Protein chains: 2
Amino acid sequence: MNEKYQQLIEKLRVISDLGAIGAVLGWDQATYMPQGGAAARGRQMAVLGQISHERATDPEIGQLLDDLQPYLSELPDESDEARLIKVAQRNYDRSTKVPTELVGKLLANGAAAYSAWTTARPENDFEKMLPLLETTLELSREVANCFPHDHIADPLIDQSDYGMSAESTRKLFAELRAELVPLVQEVTGQESADDSFLKRSFPIDQQKELGEKIIRQYGYDFTRGRQDLTHHPFMTKFSLGDVRITTRFDENEFGDGLFSTLHEAGHAMYEQGINMAYEGTPLANGTSAGVHESQSRLWENLVGRSRPFWEHYYPYVQEQFAEQLSDVSLDSFYRGINKVSRSLIRVDADELTYNLHVMLRFDLELEMLEGKLAVRDLPDAWHARYESDLGLRAPSDSNGVLQDVHWYSGIIGGVFQGYTLGNIMSAAFFEQATKAHPAINSEIGQGKFDTLHGWLRENIYQYGAKYTAPEIVQRVTGSELSIEPYMRYLRGKFGELYTL
Amino acid sequence: MNEKYQQLIEKLRVISDLGAIGAVLGWDQATYMPQGGAAARGRQMAVLGQISHERATDPEIGQLLDDLQPYLSELPDESDEARLIKVAQRNYDRSTKVPTELVGKLLANGAAAYSAWTTARPENDFEKMLPLLETTLELSREVANCFPHDHIADPLIDQSDYGMSAESTRKLFAELRAELVPLVQEVTGQESADDSFLKRSFPIDQQKELGEKIIRQYGYDFTRGRQDLTHHPFMTKFSLGDVRITTRFDENEFGDGLFSTLHEAGHAMYEQGINMAYEGTPLANGTSAGVHESQSRLWENLVGRSRPFWEHYYPYVQEQFAEQLSDVSLDSFYRGINKVSRSLIRVDADELTYNLHVMLRFDLELEMLEGKLAVRDLPDAWHARYESDLGLRAPSDSNGVLQDVHWYSGIIGGVFQGYTLGNIMSAAFFEQATKAHPAINSEIGQGKFDTLHGWLRENIYQYGAKYTAPEIVQRVTGSELSIEPYMRYLRGKFGELYTL
């Protein structure tokens with residue numbers, strides 16, 4: 001093996017390890033840390049962040065990458081080594097092209113904005129956020145301008161969904177919205193499903209046990225992971241051998257904890273499925289926010305909210321929660337967990353309306369970055385879009401433009417598209433899996449997931465970041481990303497639940 | 001404030017934070033980490049260790065310390081600033097005087113020895129350890145020779161018990177042994193206490209709850225700490241606001257988990273009691289292994305195994321564990337948890353015989369370092385000492401010279417004396433506390449610990465590493481460390497339990 005390549009690998013491994021160490025600090029902070037540890041933990045994370053930044057921008061890495069160009073040109077394009085060098089180059093450029101001073105401003109403003117937001121949201125005080133958010137927008141534009149681009153949002157989208165652009169995403173979303181808005185109108189015009197039984201009292205221990213039983217059967221490997229409780233569920237990775245999930249349970253919301261567990265397990269199974277030979281390299285990561293979300297949503301929704309899944313699990317669940325669910329039929333339960341309703345809050349939205357929430361945020365982000373929408377006018381623009389897309393108006397900014405933390409924690413741009421790209425991909429991938437193995441649906445009806453999991457590992461997971469998201473889509477579906485499989489899935493599922 | 005001093009503080013804070021980050025990694029490794037995370041965690045700890053070492057040996061620290069000499073000479077000797085500079089100088093010398101190459105050899109040999117020991121102990125194979133242990137001894141001598149000294153063990157003792165020497169420790173231990181050996185003979189010649197009831201089945205949840213209830217009453221602050229389960233109990237600190245303990249419970253050993261909880265809480269209360277203004281500096285640590293152990297043993301034994309303590313808690317414990325303890329009187333219980341018996345294993349030893357185990361190890365360490373005892377002859381020397389001090393001979397090296405991990409994890413010298421110094425100090429401090437506040441004993445009999453805890457905070461805890469152990473002893477007792485208070489304590493306690 002090339003000696004410079006070996007040196008590069010060594011340096012990248014240290015960067016990866018430092019990132020993992022930061023992840024351990026973050027995990028502990030969100031799960032077990034006593035309140036007294038907060039101040040020092042912030043300081044420790046800052047110290048580590050600075051050391052990580054130093055290592056990630058080490059000019060010796062730039063030199064090694066330059067020196068490796070002749071070697072790279074001789075490697076087959078699809079070799080692991082060639083791809084690793086390219087991803088390392090991308091990461092190095094991202095870390096070095098934004099001046100350290102600008103990174104510092106972004107972090108400082110992000111911290112101030114987040115802190116202000118924690119009180120501004122409950123106090124319905126958008127005015128308070130205005131100057132901070134204007135700075136965020138300005139800094140976000142500055143960051144984007146550090147990179148060559150067609151559209152100002154492209155470099156920001158690139159960071160989380162490499163290979164997508166403002167234009168390609170906008171086109172896809174326009175197609176999706178054109179289909180979704182009338183579909184949502186059709187469904188919500190009909191009698192609403194009853195899900196009141198989900199709000200009965202379900203002991204948290206039992207909920208946790210059920211979730212763990214299911215994800216174990218999914219194929220989440222507890223010898224290389226674990227589940228802990230937190231306030232805002234997330235997946236985190238300390239190495240390919242240690243991929244953890246966190247969940248939150250509410251005694252009076254049966255679905256919340258369970259589907260969050262399935263969701264995070266989907267993220268985690270993706271990471272656990274990456275080729276172990278990539279450990280410690282930049283290939284040992286999910287390739288994009290969109291592909292990551294495709295896996296969380298696939299296991300949460302396409303599998304976990306499907307009829308065959310509940311045909312198998314419901315008798316067991318009904319037995320475990322006899323007191324709460326004995327009067328609820330499988331059909332009522334299935335309708336309940338798939339209840340569609342137009343609502344104001346993204347994170348509480350059902351499978352059908354969810355993307356409307358996401359896409360309007362994406363559009364508003366672009367308009368702000370383009371300079372077509374002033375931050376001052378954001379609340380009105382927000383209301384207008386909720387009225388046109390969902391036929392609703394939030395009674396306050398708390399339930400409107402202040403609801404999501406994303407814009408208030410540092411950057412505007414590139415933070416929302418992954419959610420909907422993931423949904424679109426989830427159906428495209430699942431359709432291919434069931435085409436290759438038609439037995440998958442009946443296996444789900446028996447609580448068996450090996451074929452599906454194996455197909456996902458073979459076609460997606462193992463590659464980590466070796467292939468970009470568009471490449472993965474092309475390899476798996478044979479064409480560019482299209483909304484058709486997703487719309488087929490939604491029409492099929494909700495067509496059976498409602499009269500379409 | 002002096003500008004150079006400020007710069008020094010900044011650099012020391014980073015070293016402290018890196019140490020804390022390493023502690024988080026270690027804590028997670030010992031509590032929650034799934035087995036799949038082990039390999040990467042080792043790598044992450046090594047990466048962090050290297051960065052910590054770089055920072056701790058940063059020549060700029062040496063320069064700042066040199067530059068601060070004139071400033072130091074003008075400071076009052078007992079000012080925080082003067083003491084901080086002195087402790088920083090000591091740490092810097094320790095980190096820089098041992099060549100990096102030697103540190104590397106020590107770590108590598110330590111890792112190899114530890115790995116070999118994990119199988120050599122169950123296989124009773126001292127021969128296998130012989131070459132590794134010979135290297136350990138050689139390297140330990142090399143480390144010691146990096147520092148000026150009177151006795152070869154002094155620099156090693158200095159690392160954990162600064163201010164003590166081979167000579168002063170030997171003298172103290174000789175006095176203690178002269179008193180203890182006949183006392184143990186006298187006690188073990190009498191009818192043994194019955195402690196079979198401690199081996200009944202005690203549900204672990206209830207054991208944990210009881211331990212936490214008691215240490216909360218002790219004054220361990222759960223908003224600045226927590227307790228988790230592990231294999232080998234320890235205390236760890238991530239900041240003065242986050243001092244955690246870990247414990248292990250055995251359903252059939254009632255005392256083990258409880259007294260381990262009280263022991264670790266003692267360590268933790270010491271750290272929690274340090275002046276918050278010292279946060280992030282080298283003063284924010286317990287001052288020596290001995291003083292640390294004095295606090296774990298004080299809360300475990302002098303308080304937690306005392307008669308007034310159990311007069312208060314036993315009725316409650318008997319109520320909680322009615323099935324297991326209803327036929328056991330307070331007196332039988334008290335005798336059971338204080339049962340004295342000559343045994344082969346240090347960690348299972350009672351309060352009276354424990355120090356005999358420790359002191360013979362200390363003596364053997366010195367003899368090896370002095371070149372008077374060859375590693376090859378260590379097993380025989382071990383047997384000889386167990387026969388002379390405890391009247392026992394281990395049937396195998398597994399229960400003999402192979403039982404403790406200390407020598408097999410990197411160094412010979414300076415690792416055992418702290419246990420017995422701590423016991424000696426615990427009684428010296430407790431005697432002073434009760435002299436100052438005679439009500440302490442009756443308060444313990446009411447489950448109240450505020451006066452004792454307050455006195456310890458005021459006289460010991462708050463100072464962290466500001467005063468050395470000999471200074472603390474001098475300040476608190478008005479004289480040098482003496483075994484008299486400890487012997488008074490042991491004779492008083494065991495004189496009441498046995499006929500002396």
# chains A, B, ... in the order shown; residues from 1 in each chain; ligands from 1
>>> interface_residues(of="chain B", to="chain A", cutoff="9 Å", atoms="only C-alpha atoms", output="CSV table (one decimal) with C-alpha atoms, in the first residue's frame")
chain,number,residue,atom,x,y,z
B,14,VAL,CA,-7.0,22.4,29.2
B,17,ASP,CA,-10.3,19.1,30.9
B,18,LEU,CA,-8.4,16.5,28.8
B,20,ALA,CA,-11.7,14.7,32.6
B,21,ILE,CA,-12.6,13.7,29.1
B,22,GLY,CA,-10.4,10.6,29.6
B,24,VAL,CA,-15.6,10.0,30.9
B,25,LEU,CA,-14.3,7.5,28.4
B,28,ASP,CA,-18.5,4.6,30.1
B,32,TYR,CA,-22.4,1.0,29.9
B,33,MET,CA,-20.2,0.3,26.9
B,34,PRO,CA,-21.3,-2.7,24.8
B,35,GLN,CA,-18.6,-5.3,24.2
B,36,GLY,CA,-18.4,-4.3,20.5
B,37,GLY,CA,-17.0,-0.9,21.5
B,38,ALA,CA,-13.9,-2.2,23.3
B,39,ALA,CA,-11.3,-2.1,20.5
B,40,ALA,CA,-12.1,1.4,19.4
B,41,ARG,CA,-12.4,2.7,23.0
B,43,ARG,CA,-7.7,3.4,20.6
B,44,GLN,CA,-9.6,6.5,21.6
B,45,MET,CA,-8.1,6.5,25.1
B,47,VAL,CA,-5.2,9.1,21.2
B,48,LEU,CA,-6.4,11.2,24.1
B,222,PHE,CA,-26.7,13.6,43.7
B,223,THR,CA,-27.1,16.9,41.8
B,224,ARG,CA,-23.3,16.8,41.4
B,225,GLY,CA,-22.9,13.0,41.0
B,226,ARG,CA,-24.6,9.7,40.4
B,238,PHE,CA,-15.4,14.9,35.5
B,239,SER,CA,-15.4,18.3,37.3
B,240,LEU,CA,-16.1,19.4,40.8
B,241,GLY,CA,-19.8,19.5,39.7
B,242,ASP,CA,-19.8,15.9,38.5
B,243,VAL,CA,-18.2,13.4,40.8
B,279,GLU,CA,-12.1,24.1,39.4
B,280,GLY,CA,-9.9,23.3,36.4
>>> residues_around(residues="Ile337 (chain B)", least_positions_apart="5", cutoff="9 Å", atoms="only C-alpha atoms", output="list in words")
Ala193, Asp195, Leu198, Gly255, Arg305, Ser332 and Asp350 of chain B
>>> write_last_selection(atoms="C-alpha atoms", output="CSV table (one decimal), in the first residue's frame")
chain,number,residue,atom,x,y,z
B,193,ALA,CA,-18.8,-14.2,64.8
B,195,ASP,CA,-22.2,-13.7,59.4
B,198,LEU,CA,-25.4,-11.8,55.1
B,255,GLY,CA,-22.4,-6.2,53.0
B,305,ARG,CA,-19.6,-0.1,60.6
B,332,SER,CA,-25.7,-10.3,65.9
B,350,ASP,CA,-11.9,-7.3,57.7
>>> residues_around(residues="Gly414 (chain B)", least_positions_apart="4", cutoff="7 Å", atoms="only C-alpha atoms", output="ChimeraX atom specification")
/B:153,156-157,160
>>> select_by_dssp(residues="region 62-241 of chain A", states="strand (DSSP E)", output="PyMOL selection string")
chain A and resi 227-229+235-239
>>> closest_residue(among="B:Ile61, B:Ala112, B:Ala381, B:Val473", to="Arg90 (chain B)", atoms="only C-alpha atoms")
B:Ile61
>>> closest_residue(among="A:Gln185, A:Ser326, A:Thr287, A:Gln29", to="Thr468 (chain A)", atoms="only C-alpha atoms")
A:Thr287
>>> residues_around(residues="Lys128 (chain A)", least_positions_apart="4", cutoff="12 Å", atoms="only C-alpha atoms", output="list in words")
Ala112, Ala113, Tyr114, Ser115, Ala116, Trp117, Thr118, Thr119, Ala120, Arg121, Glu123, Asn124, Leu132, Leu133, Glu134, Arg376, Asp397, Leu402 and Tyr408 of chain A
>>> residues_around(residues="Phe197 (chain B)", least_positions_apart="5", cutoff="8 Å", atoms="only C-alpha atoms", output="list in words")
Gln324, Leu325 and Val328 of chain B
>>> write_last_selection(atoms="C-alpha atoms", output="PDB file, in the first residue's frame")
ATOM      1  CA  GLN B 324     -34.052 -12.093  55.501  1.00  0.00           C
ATOM      2  CA  LEU B 325     -33.282 -10.418  58.832  1.00  0.00           C
ATOM      3  CA  VAL B 328     -31.196 -11.516  63.390  1.00  0.00           C
TER       4      VAL B 328
END
>>> closest_residue(among="A:Ala166, A:Ile460, A:Ile215, A:Leu183", to="Arg342 (chain A)", atoms="only C-alpha atoms")
A:Leu183
